[in-house]
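Pasting protein20.cif here (mmCIF, C-alpha atoms):
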data_upload
loop_
_atom_site.label_atom_id
_atom_site.label_comp_id
_atom_site.auth_asym_id
_atom_site.auth_seq_id
_atom_site.Cartn_x
_atom_site.Cartn_y
_atom_site.Cartn_z
CA MET A 1 -26.96 24.55 32.92
CA LYS A 2 -26.85 27.03 35.82
CA GLU A 3 -26.78 25.71 39.34
CA THR A 4 -28.82 26.08 42.51
CA LEU A 5 -26.83 27.66 45.32
CA SER A 6 -27.96 25.76 48.43
CA LEU A 7 -26.94 26.98 51.88
CA ASN A 8 -28.04 26.53 55.48
CA LEU A 9 -27.23 28.19 58.80
CA GLU A 10 -24.08 26.12 59.20
CA ASN A 11 -22.60 27.79 56.09
CA LYS A 12 -21.74 30.96 58.02
CA GLU A 13 -18.91 32.23 55.79
CA GLU A 14 -20.87 31.54 52.61
CA LEU A 15 -23.95 33.32 53.98
CA VAL A 16 -21.86 36.35 54.97
CA ASN A 17 -20.34 36.50 51.47
CA LEU A 18 -23.80 36.16 49.94
CA GLY A 19 -25.07 39.01 52.13
CA LYS A 20 -22.20 41.24 50.98
CA ALA A 21 -22.89 40.40 47.34
CA LEU A 22 -26.55 41.35 47.62
CA SER A 23 -26.04 44.31 49.95
CA SER A 24 -26.12 47.06 47.32
CA SER A 25 -28.19 47.84 44.26
CA ILE A 26 -25.14 48.23 42.00
CA LYS A 27 -24.01 44.66 42.67
CA ILE A 28 -27.52 43.37 41.95
CA ASP A 29 -27.58 45.47 38.75
CA ILE A 30 -24.22 43.99 37.69
CA LEU A 31 -25.55 40.48 38.32
CA HIS A 32 -28.58 41.26 36.15
CA PHE A 33 -26.30 42.71 33.45
CA LEU A 34 -24.13 39.57 33.38
CA LEU A 35 -27.24 37.42 33.22
CA GLN A 36 -27.87 38.79 29.72
CA LYS A 37 -24.43 37.66 28.52
CA PRO A 38 -20.91 37.23 29.94
CA ALA A 39 -18.74 40.36 29.88
CA ILE A 40 -15.22 41.48 30.76
CA ILE A 41 -14.69 43.80 33.72
CA SER A 42 -13.94 46.87 31.57
CA ASP A 43 -17.30 46.42 29.81
CA VAL A 44 -19.01 46.30 33.20
CA ALA A 45 -17.28 49.51 34.24
CA ALA A 46 -18.22 51.23 30.97
CA HIS A 47 -21.85 50.10 31.11
CA PHE A 48 -22.38 51.45 34.63
CA ASP A 49 -20.04 54.44 34.21
CA ILE A 50 -17.98 53.54 37.27
CA PRO A 51 -14.19 53.34 37.76
CA LEU A 52 -12.53 50.12 36.67
CA SER A 53 -11.30 49.56 40.22
CA SER A 54 -14.86 49.78 41.57
CA ALA A 55 -16.14 47.34 38.96
CA ALA A 56 -13.34 44.92 39.83
CA LEU A 57 -14.22 45.13 43.54
CA HIS A 58 -17.91 44.44 42.87
CA ILE A 59 -16.99 41.51 40.63
CA LYS A 60 -14.70 40.06 43.31
CA THR A 61 -17.53 40.24 45.87
CA LEU A 62 -19.97 38.48 43.53
CA GLU A 63 -17.36 35.81 42.75
CA SER A 64 -16.62 35.22 46.45
CA ALA A 65 -20.32 34.56 47.00
CA GLY A 66 -20.31 31.90 44.27
CA LEU A 67 -22.77 33.86 42.13
CA ILE A 68 -20.48 34.37 39.13
CA SER A 69 -17.37 32.83 37.59
CA VAL A 70 -14.34 34.84 36.47
CA GLN A 71 -12.08 33.27 33.84
CA PRO A 72 -8.96 34.76 32.21
CA ILE A 73 -9.14 35.06 28.42
CA PRO A 74 -6.59 36.45 25.93
CA GLY A 75 -7.17 40.02 24.72
CA SER A 76 -5.58 42.60 22.45
CA LYS A 77 -4.11 44.37 25.48
CA GLY A 78 -3.19 41.29 27.47
CA ALA A 79 -5.30 38.91 29.55
CA GLN A 80 -8.88 39.94 30.28
CA LYS A 81 -11.29 38.51 32.85
CA LEU A 82 -14.57 37.19 31.47
CA CYS A 83 -17.43 37.17 34.00
CA GLY A 84 -20.57 35.06 33.79
CA VAL A 85 -23.46 34.08 36.07
CA LEU A 86 -23.21 30.64 37.69
CA VAL A 87 -26.51 30.23 39.53
CA SER A 88 -30.17 30.13 38.56
CA ASP A 89 -31.57 30.35 42.07
CA ILE A 90 -30.53 30.54 45.73
CA HIS A 91 -31.92 28.33 48.48
CA VAL A 92 -31.22 28.99 52.16
CA ASP A 93 -32.39 26.29 54.58
CA VAL A 94 -32.82 27.71 58.07
CA ILE A 95 -32.75 24.21 59.58
CA PRO A 96 -29.06 23.34 60.13
CA ASP A 97 -27.65 20.10 58.73
CA ALA A 98 -26.87 18.95 62.27
CA TRP A 99 -30.60 18.67 62.99
CA THR A 100 -31.22 16.63 59.85
CA LYS A 101 -28.22 14.38 60.49
CA SER A 102 -29.72 13.20 63.76
CA ARG A 103 -31.64 10.75 61.53
CA GLN A 104 -28.53 9.65 59.69
CA LEU A 105 -27.28 6.26 60.85
CA TYR A 106 -24.29 5.82 58.59
CA ARG A 107 -22.31 7.56 55.82
CA GLU A 108 -19.71 6.01 53.53
CA ASP A 109 -17.53 7.96 51.10
CA MET A 110 -16.40 5.86 48.11
CA PRO A 111 -13.54 7.20 45.93
CA ILE A 112 -14.51 6.74 42.28
CA GLY A 113 -11.36 4.72 41.59
CA CYS A 114 -12.34 2.08 44.17
CA TYR A 115 -14.63 0.17 41.83
CA PHE A 116 -14.90 -3.56 42.41
CA ASP A 117 -15.60 -4.46 38.78
CA TYR A 118 -15.85 -2.64 35.46
CA LYS A 119 -16.61 -3.03 31.78
CA VAL A 120 -15.50 -0.13 29.62
CA SER A 121 -15.32 0.69 25.92
CA ALA A 122 -13.49 3.58 24.24
CA PRO A 123 -13.54 6.50 24.03
CA CYS A 124 -12.63 6.31 27.70
CA GLY A 125 -10.13 7.57 30.20
CA ILE A 126 -9.14 7.86 33.84
CA VAL A 127 -7.13 10.64 35.52
CA SER A 128 -6.11 11.68 39.01
CA ASP A 129 -5.82 15.30 40.11
CA GLN A 130 -2.11 15.09 39.25
CA THR A 131 -1.88 13.24 35.93
CA ASP A 132 -3.37 10.77 33.45
CA LEU A 133 -3.55 7.25 34.89
CA GLY A 134 -3.31 5.57 31.50
CA ALA A 135 -3.28 6.34 27.80
CA GLU A 136 -6.48 7.97 26.59
CA ASP A 137 -8.94 5.48 25.01
CA SER A 138 -6.93 2.60 26.49
CA LEU A 139 -8.03 0.23 29.25
CA THR A 140 -4.58 0.17 30.87
CA GLY A 141 -5.46 2.77 33.48
CA PHE A 142 -8.62 0.92 34.50
CA PHE A 143 -6.73 -2.10 35.82
CA SER A 144 -3.68 -0.21 37.06
CA PRO A 145 -3.04 -0.16 40.85
CA GLU A 146 -2.99 3.64 40.49
CA ARG A 147 -6.71 3.61 39.60
CA TYR A 148 -7.53 4.20 43.28
CA LYS A 149 -6.26 7.76 42.83
CA ALA A 150 -8.83 8.48 40.10
CA GLN A 151 -10.67 11.82 40.25
CA LEU A 152 -12.37 11.70 36.83
CA ILE A 153 -13.46 8.65 34.85
CA TRP A 154 -15.18 8.70 31.49
CA LEU A 155 -16.51 5.98 29.21
CA THR A 156 -18.77 5.48 26.21
CA TYR A 157 -20.41 2.14 27.02
CA GLY A 158 -20.06 -0.14 30.01
CA TYR A 159 -20.29 0.21 33.78
CA LEU A 160 -18.46 0.71 37.06
CA GLU A 161 -19.48 -1.40 40.07
CA TYR A 162 -18.91 -0.32 43.67
CA ARG A 163 -19.57 -2.35 46.81
CA PHE A 164 -20.73 -0.61 49.96
CA SER A 165 -20.96 -2.05 53.46
CA ASN A 166 -24.43 -2.98 54.74
CA THR A 167 -23.42 -4.29 58.16
CA LEU A 168 -25.42 -1.54 59.81
CA LEU A 169 -28.57 -2.43 57.87
CA LYS A 170 -28.59 -5.89 59.45
CA SER A 171 -28.71 -4.51 62.98
CA ASN A 172 -30.74 -1.31 62.58
CA SER A 173 -34.19 -0.43 61.30
CA ALA A 174 -32.98 1.81 58.47
CA ASN A 175 -35.69 2.76 56.01
CA LYS A 176 -33.83 4.91 53.48
CA ILE A 177 -30.58 4.42 51.57
CA GLN A 178 -29.27 7.30 49.48
CA PHE A 179 -26.46 7.70 46.92
CA THR A 180 -25.16 11.05 45.65
CA PHE A 181 -22.50 11.70 43.01
CA GLU A 182 -21.44 14.21 40.33
CA ILE A 183 -21.97 13.09 36.75
CA CYS A 184 -22.55 14.29 33.17
CA SER A 185 -22.61 12.84 29.66
CA GLU A 186 -19.48 12.21 27.58
CA ALA A 187 -19.03 13.92 24.21
CA LEU A 188 -15.97 14.81 22.16
CA GLY A 189 -14.62 17.85 23.98
CA TYR A 190 -17.88 18.94 25.57
CA ASN A 191 -21.46 19.46 24.39
CA PRO A 192 -24.16 20.79 26.76
CA ASN A 193 -26.90 19.25 24.58
CA TRP A 194 -25.43 15.73 24.44
CA ARG A 195 -28.00 13.58 26.26
CA SER A 196 -27.14 10.23 27.80
CA ASP A 197 -29.27 7.61 29.56
CA VAL A 198 -27.26 6.25 32.48
CA SER A 199 -28.54 3.04 34.05
CA ILE A 200 -28.38 2.32 37.78
CA TRP A 201 -28.23 -1.23 39.16
CA LEU A 202 -28.51 -2.27 42.81
CA ASN A 203 -27.51 -5.85 43.58
CA ASP A 204 -27.51 -6.44 39.78
CA ILE A 205 -31.13 -5.32 39.40
CA GLU A 206 -31.64 -2.29 37.16
CA ILE A 207 -33.78 0.14 39.12
CA GLY A 208 -33.98 3.02 36.66
CA VAL A 209 -32.34 5.37 34.19
CA LEU A 210 -30.73 8.67 35.11
CA GLN A 211 -30.98 11.15 32.23
CA CYS A 212 -27.89 13.34 31.81
CA PRO A 213 -28.76 16.35 29.62
CA GLY A 214 -25.24 17.14 28.46
CA ASP A 215 -21.46 17.15 28.79
CA TYR A 216 -20.62 20.46 30.43
CA GLY A 217 -17.82 22.88 29.58
CA GLY A 218 -17.39 26.51 28.65
CA ARG A 219 -16.05 27.38 32.09
CA ARG A 220 -13.60 25.58 34.32
CA GLY A 221 -14.86 23.22 36.98
CA LYS A 222 -14.38 24.83 40.39
CA LEU A 223 -12.06 22.06 41.59
CA ASN A 224 -10.21 21.16 38.37
CA PRO A 225 -6.40 21.12 38.48
CA TYR A 226 -4.52 23.76 36.49
CA TRP A 227 -3.28 21.29 33.85
CA TRP A 228 -6.74 20.09 32.80
CA SER A 229 -7.60 21.39 29.31
CA ASP A 230 -10.29 24.08 28.94
CA ALA A 231 -11.47 22.22 25.82
CA SER A 232 -12.46 19.12 27.81
CA THR A 233 -15.34 18.22 30.12
CA GLN A 234 -15.32 20.53 33.15
CA TYR A 235 -18.10 19.68 35.62
CA GLY A 236 -21.30 17.71 36.15
CA ASP A 237 -24.60 17.77 38.00
CA LEU A 238 -24.92 16.49 41.57
CA ARG A 239 -27.48 13.70 41.28
CA LYS A 240 -29.31 11.84 44.03
CA ILE A 241 -30.77 8.32 44.17
CA TRP A 242 -32.57 6.83 47.14
CA ILE A 243 -34.39 3.64 48.02
CA THR A 244 -37.08 3.12 50.65
CA GLU A 245 -39.76 0.50 51.30
CA ASP A 246 -41.95 2.57 48.98
CA GLY A 247 -39.69 2.35 45.90
CA CYS A 248 -36.65 3.77 44.15
CA TYR A 249 -36.26 7.46 43.32
CA ILE A 250 -33.95 9.50 41.12
CA ASP A 251 -33.98 13.23 41.92
CA GLU A 252 -37.44 13.16 43.51
CA GLN A 253 -39.00 11.07 40.72
CA LYS A 254 -40.07 7.50 41.41
CA VAL A 255 -38.50 5.17 38.85
CA SER A 256 -39.15 1.70 40.26
CA ASP A 257 -41.30 -0.24 42.73
CA HIS A 258 -38.23 -2.13 43.97
CA THR A 259 -37.62 -1.63 47.69
CA ILE A 260 -34.84 -2.15 50.23
CA SER A 261 -36.30 -5.59 50.96
CA SER A 262 -36.98 -6.70 47.38
CA LEU A 263 -33.45 -5.70 46.33
CA GLY A 264 -31.97 -7.62 49.28
CA LEU A 265 -29.98 -4.58 50.37
CA ASN A 266 -30.25 -5.65 54.02
CA LYS A 267 -29.26 -9.30 53.52
CA ASN A 268 -25.79 -9.67 51.99
CA SER A 269 -22.47 -8.55 53.41
CA TYR A 270 -22.36 -5.69 50.92
CA MET A 271 -24.54 -3.62 48.58
CA SER A 272 -23.60 -3.60 44.92
CA PHE A 273 -24.04 -0.18 43.29
CA LYS A 274 -23.45 -0.22 39.55
CA ILE A 275 -23.61 2.75 37.19
CA GLY A 276 -23.13 2.70 33.44
CA VAL A 277 -24.39 3.18 29.89
CA LYS A 278 -25.89 0.31 27.91
CA GLU A 279 -25.12 0.01 24.20
CA ASP A 280 -28.83 -0.26 23.41
CA ALA A 281 -29.81 2.78 25.51
CA GLU A 282 -32.10 5.22 23.72
CA PHE A 283 -29.49 7.93 24.21
CA ALA A 284 -26.11 6.22 24.58
CA GLY A 285 -24.08 9.36 25.25
CA GLY A 286 -21.50 7.96 27.66
CA MET A 287 -20.73 9.35 31.09
CA ASN A 288 -18.19 11.32 33.14
CA LEU A 289 -17.99 10.46 36.83
CA PHE A 290 -16.27 13.02 39.10
CA GLY A 291 -14.30 12.56 42.31
CA GLU A 292 -13.81 15.00 45.17
CA LYS A 293 -11.00 16.93 43.41
CA PHE A 294 -12.61 17.41 40.00
CA GLY A 295 -15.71 19.21 38.77
CA ASP A 296 -17.80 21.46 41.03
CA TYR A 297 -18.60 19.33 44.08
CA PRO A 298 -15.94 18.24 46.62
CA GLN A 299 -17.24 14.72 47.15
CA ASN A 300 -16.88 11.18 45.89
CA ILE A 301 -19.79 8.72 45.62
CA VAL A 302 -21.54 9.09 48.98
CA MET A 303 -23.87 6.48 50.44
CA GLU A 304 -26.02 7.45 53.43
CA VAL A 305 -28.30 5.28 55.53
CA PHE A 306 -31.23 6.90 57.36
CA HIS A 307 -34.04 6.07 59.71
CA GLU A 308 -36.86 8.52 58.99
#

Spit out the file's structure as structure tokens when you get a sec.
Amino acid sequence: MKETLSLNLENKEELVNLGKALSSSIKIDILHFLLQKPAIISDVAAHFDIPLSSAALHIKTLESAGLISVQPIPGSKGAQKLCGVLVSDIHVDVIPDAWTKSRQLYREDMPIGCYFDYKVSAPCGIVSDQTDLGAEDSLTGFFSPERYKAQLIWLTYGYLEYRFSNTLLKSNSANKIQFTFEICSEALGYNPNWRSDVSIWLNDIEIGVLQCPGDYGGRRGKLNPYWWSDASTQYGDLRKIWITEDGCYIDEQKVSDHTISSLGLNKNSYMSFKIGVKEDAEFAGGMNLFGEKFGDYPQNIVMEVFHE
């Protein structure tokens, strides 16, 4: 699944790189060429009848803009660089984030290893950006003190529960609570067509099901450490859940009539956020949950409280 490249006026360096990438017809033609199928740099040079050095420079510009990925692959004459398109569309918001954040009351960043409770069944695993935190398909890493260093967690069935502060909700008229995180399904190796229905609970009430279309691989996650195998899961989708007094939403779609009040999110000393896969789910395809140093997005589970 190709991504949406989303930028705003605060992303000055990224916008400059994007401008350079789209500043000439040859670069746009190369992007269109790679959209048909991935190709090595020498094939690009041959197709457009340009010097190899020129093709390499154009490729570097497109890669710097985040429009394509470049991965080394073995070849008959040594390592080659395979190039492929990363994005499906580009969105530039001319309203800077700083303007939007004036409505943001609170933001909490929760490392994925800081779960309060869990229930996990194999195949499963937990790793930091440095090493495995326990034997694969064993629960040892899940109750190890080192679990707080986790940057990727995967499981087949079960859940992970996180507890977020709601002190601010008791003293402010917040009317929107939002959670964002990077996630995908869990298959053997990876499988982009491996669907999984991931349930979301707030204060132990199931509010809806997040549908993960697949377990993504085929290219390295942008943040993955060098030792992580190319044959394993690489990245996920950035998904968004929010709750208002109108209902609960997953990626713009209303999934429940539960509200901030009915869920009691503004009453207790914490909010329980639980994410997992039920054994009786229609598509029980497991899940991979990514931290800030794995996958494509440099963030953990982020909770934001707004007054809109």

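When only C-alpha atoms are used to compute distances to Gln80 (chain A), the closest of the residues A:Ile41, A:Ile126, A:Val198, A:Ala187 turns out to be A:Ile41.
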
Give me the residues near region 144-153 of chain A as a PDB file with C-alpha atoms, in the coordinates of the input, where near means some atom within 7 Å (using all atoms listed in the file) and where sequence neighbours in that chain fewer than 6 positions away do not count.
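What ended up in around-v4.pdb:
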ATOM      1  CA  ILE A 112     -14.510   6.740  42.280  1.00  0.00           C
ATOM      2  CA  GLY A 113     -11.360   4.720  41.590  1.00  0.00           C
ATOM      3  CA  CYS A 114     -12.340   2.080  44.170  1.00  0.00           C
ATOM      4  CA  GLY A 125     -10.130   7.570  30.200  1.00  0.00           C
ATOM      5  CA  ILE A 126      -9.140   7.860  33.840  1.00  0.00           C
ATOM      6  CA  VAL A 127      -7.130  10.640  35.520  1.00  0.00           C
ATOM      7  CA  SER A 128      -6.110  11.680  39.010  1.00  0.00           C
ATOM      8  CA  ASP A 129      -5.820  15.300  40.110  1.00  0.00           C
ATOM      9  CA  LEU A 133      -3.550   7.250  34.890  1.00  0.00           C
ATOM     10  CA  ASN A 288     -18.190  11.320  33.140  1.00  0.00           C
ATOM     11  CA  LEU A 289     -17.990  10.460  36.830  1.00  0.00           C
ATOM     12  CA  PHE A 290     -16.270  13.020  39.100  1.00  0.00           C
ATOM     13  CA  GLY A 291     -14.300  12.560  42.310  1.00  0.00           C
ATOM     14  CA  GLU A 292     -13.810  15.000  45.170  1.00  0.00           C
ATOM     15  CA  LYS A 293     -11.000  16.930  43.410  1.00  0.00           C
ATOM     16  CA  PHE A 294     -12.610  17.410  40.000  1.00  0.00           C
TER      17      PHE A 294
END

Please tabulate, as a tab-separated table, the residues of region 125-234 of chain A that come within 12 Å of region 239-250 of chain A, each with its closest pair of atoms and the distance in Å to one decimal, counting only C-alpha atoms and ordering rows by chain, then residue number upward.
residue	atom	partner	partner_atom	distance
A:Ser173	CA	A:Glu245	CA	11.5
A:Ala174	CA	A:Thr244	CA	8.9
A:Asn175	CA	A:Thr244	CA	5.5
A:Lys176	CA	A:Thr244	CA	4.7
A:Ile177	CA	A:Ile243	CA	5.3
A:Gln178	CA	A:Trp242	CA	4.1
A:Phe179	CA	A:Ile241	CA	5.2
A:Thr180	CA	A:Lys240	CA	4.5
A:Phe181	CA	A:Arg239	CA	5.6
A:Glu182	CA	A:Arg239	CA	6.1
A:Ile183	CA	A:Arg239	CA	7.2
A:Cys184	CA	A:Arg239	CA	9.5
A:Val198	CA	A:Ile250	CA	11.4
A:Ser199	CA	A:Ile250	CA	11.0
A:Ile200	CA	A:Ile241	CA	9.1
A:Trp201	CA	A:Cys248	CA	11.0
A:Leu202	CA	A:Ile243	CA	9.8
A:Ile205	CA	A:Cys248	CA	11.6
A:Glu206	CA	A:Cys248	CA	10.5
A:Ile207	CA	A:Cys248	CA	6.8
A:Gly208	CA	A:Ile250	CA	7.9
A:Val209	CA	A:Ile250	CA	8.2
A:Leu210	CA	A:Ile250	CA	6.9
A:Gln211	CA	A:Ile250	CA	9.5
A:Cys212	CA	A:Arg239	CA	9.5

Selection result of the PyMOL selection byres ((chain A and resi 191) around 10) on this file, as a short mmCIF file (atom, residue, chain, number, x, y, z; two decimals) with C-alpha atoms, in the coordinates of the input:
data_model
loop_
_atom_site.label_atom_id
_atom_site.label_comp_id
_atom_site.auth_asym_id
_atom_site.auth_seq_id
_atom_site.Cartn_x
_atom_site.Cartn_y
_atom_site.Cartn_z
CA SER A 185 -22.61 12.84 29.66
CA GLU A 186 -19.48 12.21 27.58
CA ALA A 187 -19.03 13.92 24.21
CA LEU A 188 -15.97 14.81 22.16
CA GLY A 189 -14.62 17.85 23.98
CA TYR A 190 -17.88 18.94 25.57
CA PRO A 192 -24.16 20.79 26.76
CA ASN A 193 -26.90 19.25 24.58
CA TRP A 194 -25.43 15.73 24.44
CA ARG A 195 -28.00 13.58 26.26
CA PRO A 213 -28.76 16.35 29.62
CA GLY A 214 -25.24 17.14 28.46
CA ASP A 215 -21.46 17.15 28.79
CA TYR A 216 -20.62 20.46 30.43
CA GLY A 217 -17.82 22.88 29.58
CA GLY A 218 -17.39 26.51 28.65
CA SER A 232 -12.46 19.12 27.81
CA THR A 233 -15.34 18.22 30.12
#

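If only C-alpha atoms are the atoms counted, then among A:Ile30, A:Leu265, A:Leu223, A:Val277 the closest residue to Asp296 (chain A) is A:Leu223.
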
Checklist line | A:Gly84, A:Asp237, A:Lys254, A:Thr156 ranked by distance to His32 (chain A), top pick (using all atoms listed in the file) | finding: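 When distances to His32 (chain A) are compared using all atoms listed in the file, the smallest one comes from A:Gly84.
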
Next item on the list: For the file shown, report as a PyMOL selection string the outcome of the PyMOL selection byres ((chain A and resi 165) around 12) at residue level.
Entry: chain A and resi 106-110+162-164+166-170+177+265-273+303-305

Notebook entry, point to check: Can you list, as a ChimeraX atom specification, every protein, DNA or RNA residue that comes within 10 Å of Ala56 (chain A) when you count only C-alpha atoms, leaving out same-chain residues fewer than 2 positions away?
Noted result: /A:40-42,44-45,51-54,58-62,81

Next item on the list: Rounded to one decimal place, report the CA of Leu7 (chain A)-CA of Val92 (chain A) distance in Å.
Entry: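 Between CA of Leu7 (chain A) and CA of Val92 (chain A) the gap works out to 4.7 Å.
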
Notebook entry, point to check: How many Å separate CA of Val70 (chain A) from CA of Asp89 (chain A)?
Noted result: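 Going from CA of Val70 (chain A) over to CA of Asp89 (chain A), I get 18.7 Å.
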
Checklist line | CA of Lys12 (chain A) to CA of Val85 (chain A), straight-line distance in Å | finding: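 We find that CA of Val85 (chain A) and CA of Lys12 (chain A) lie 22.2 Å from each other.
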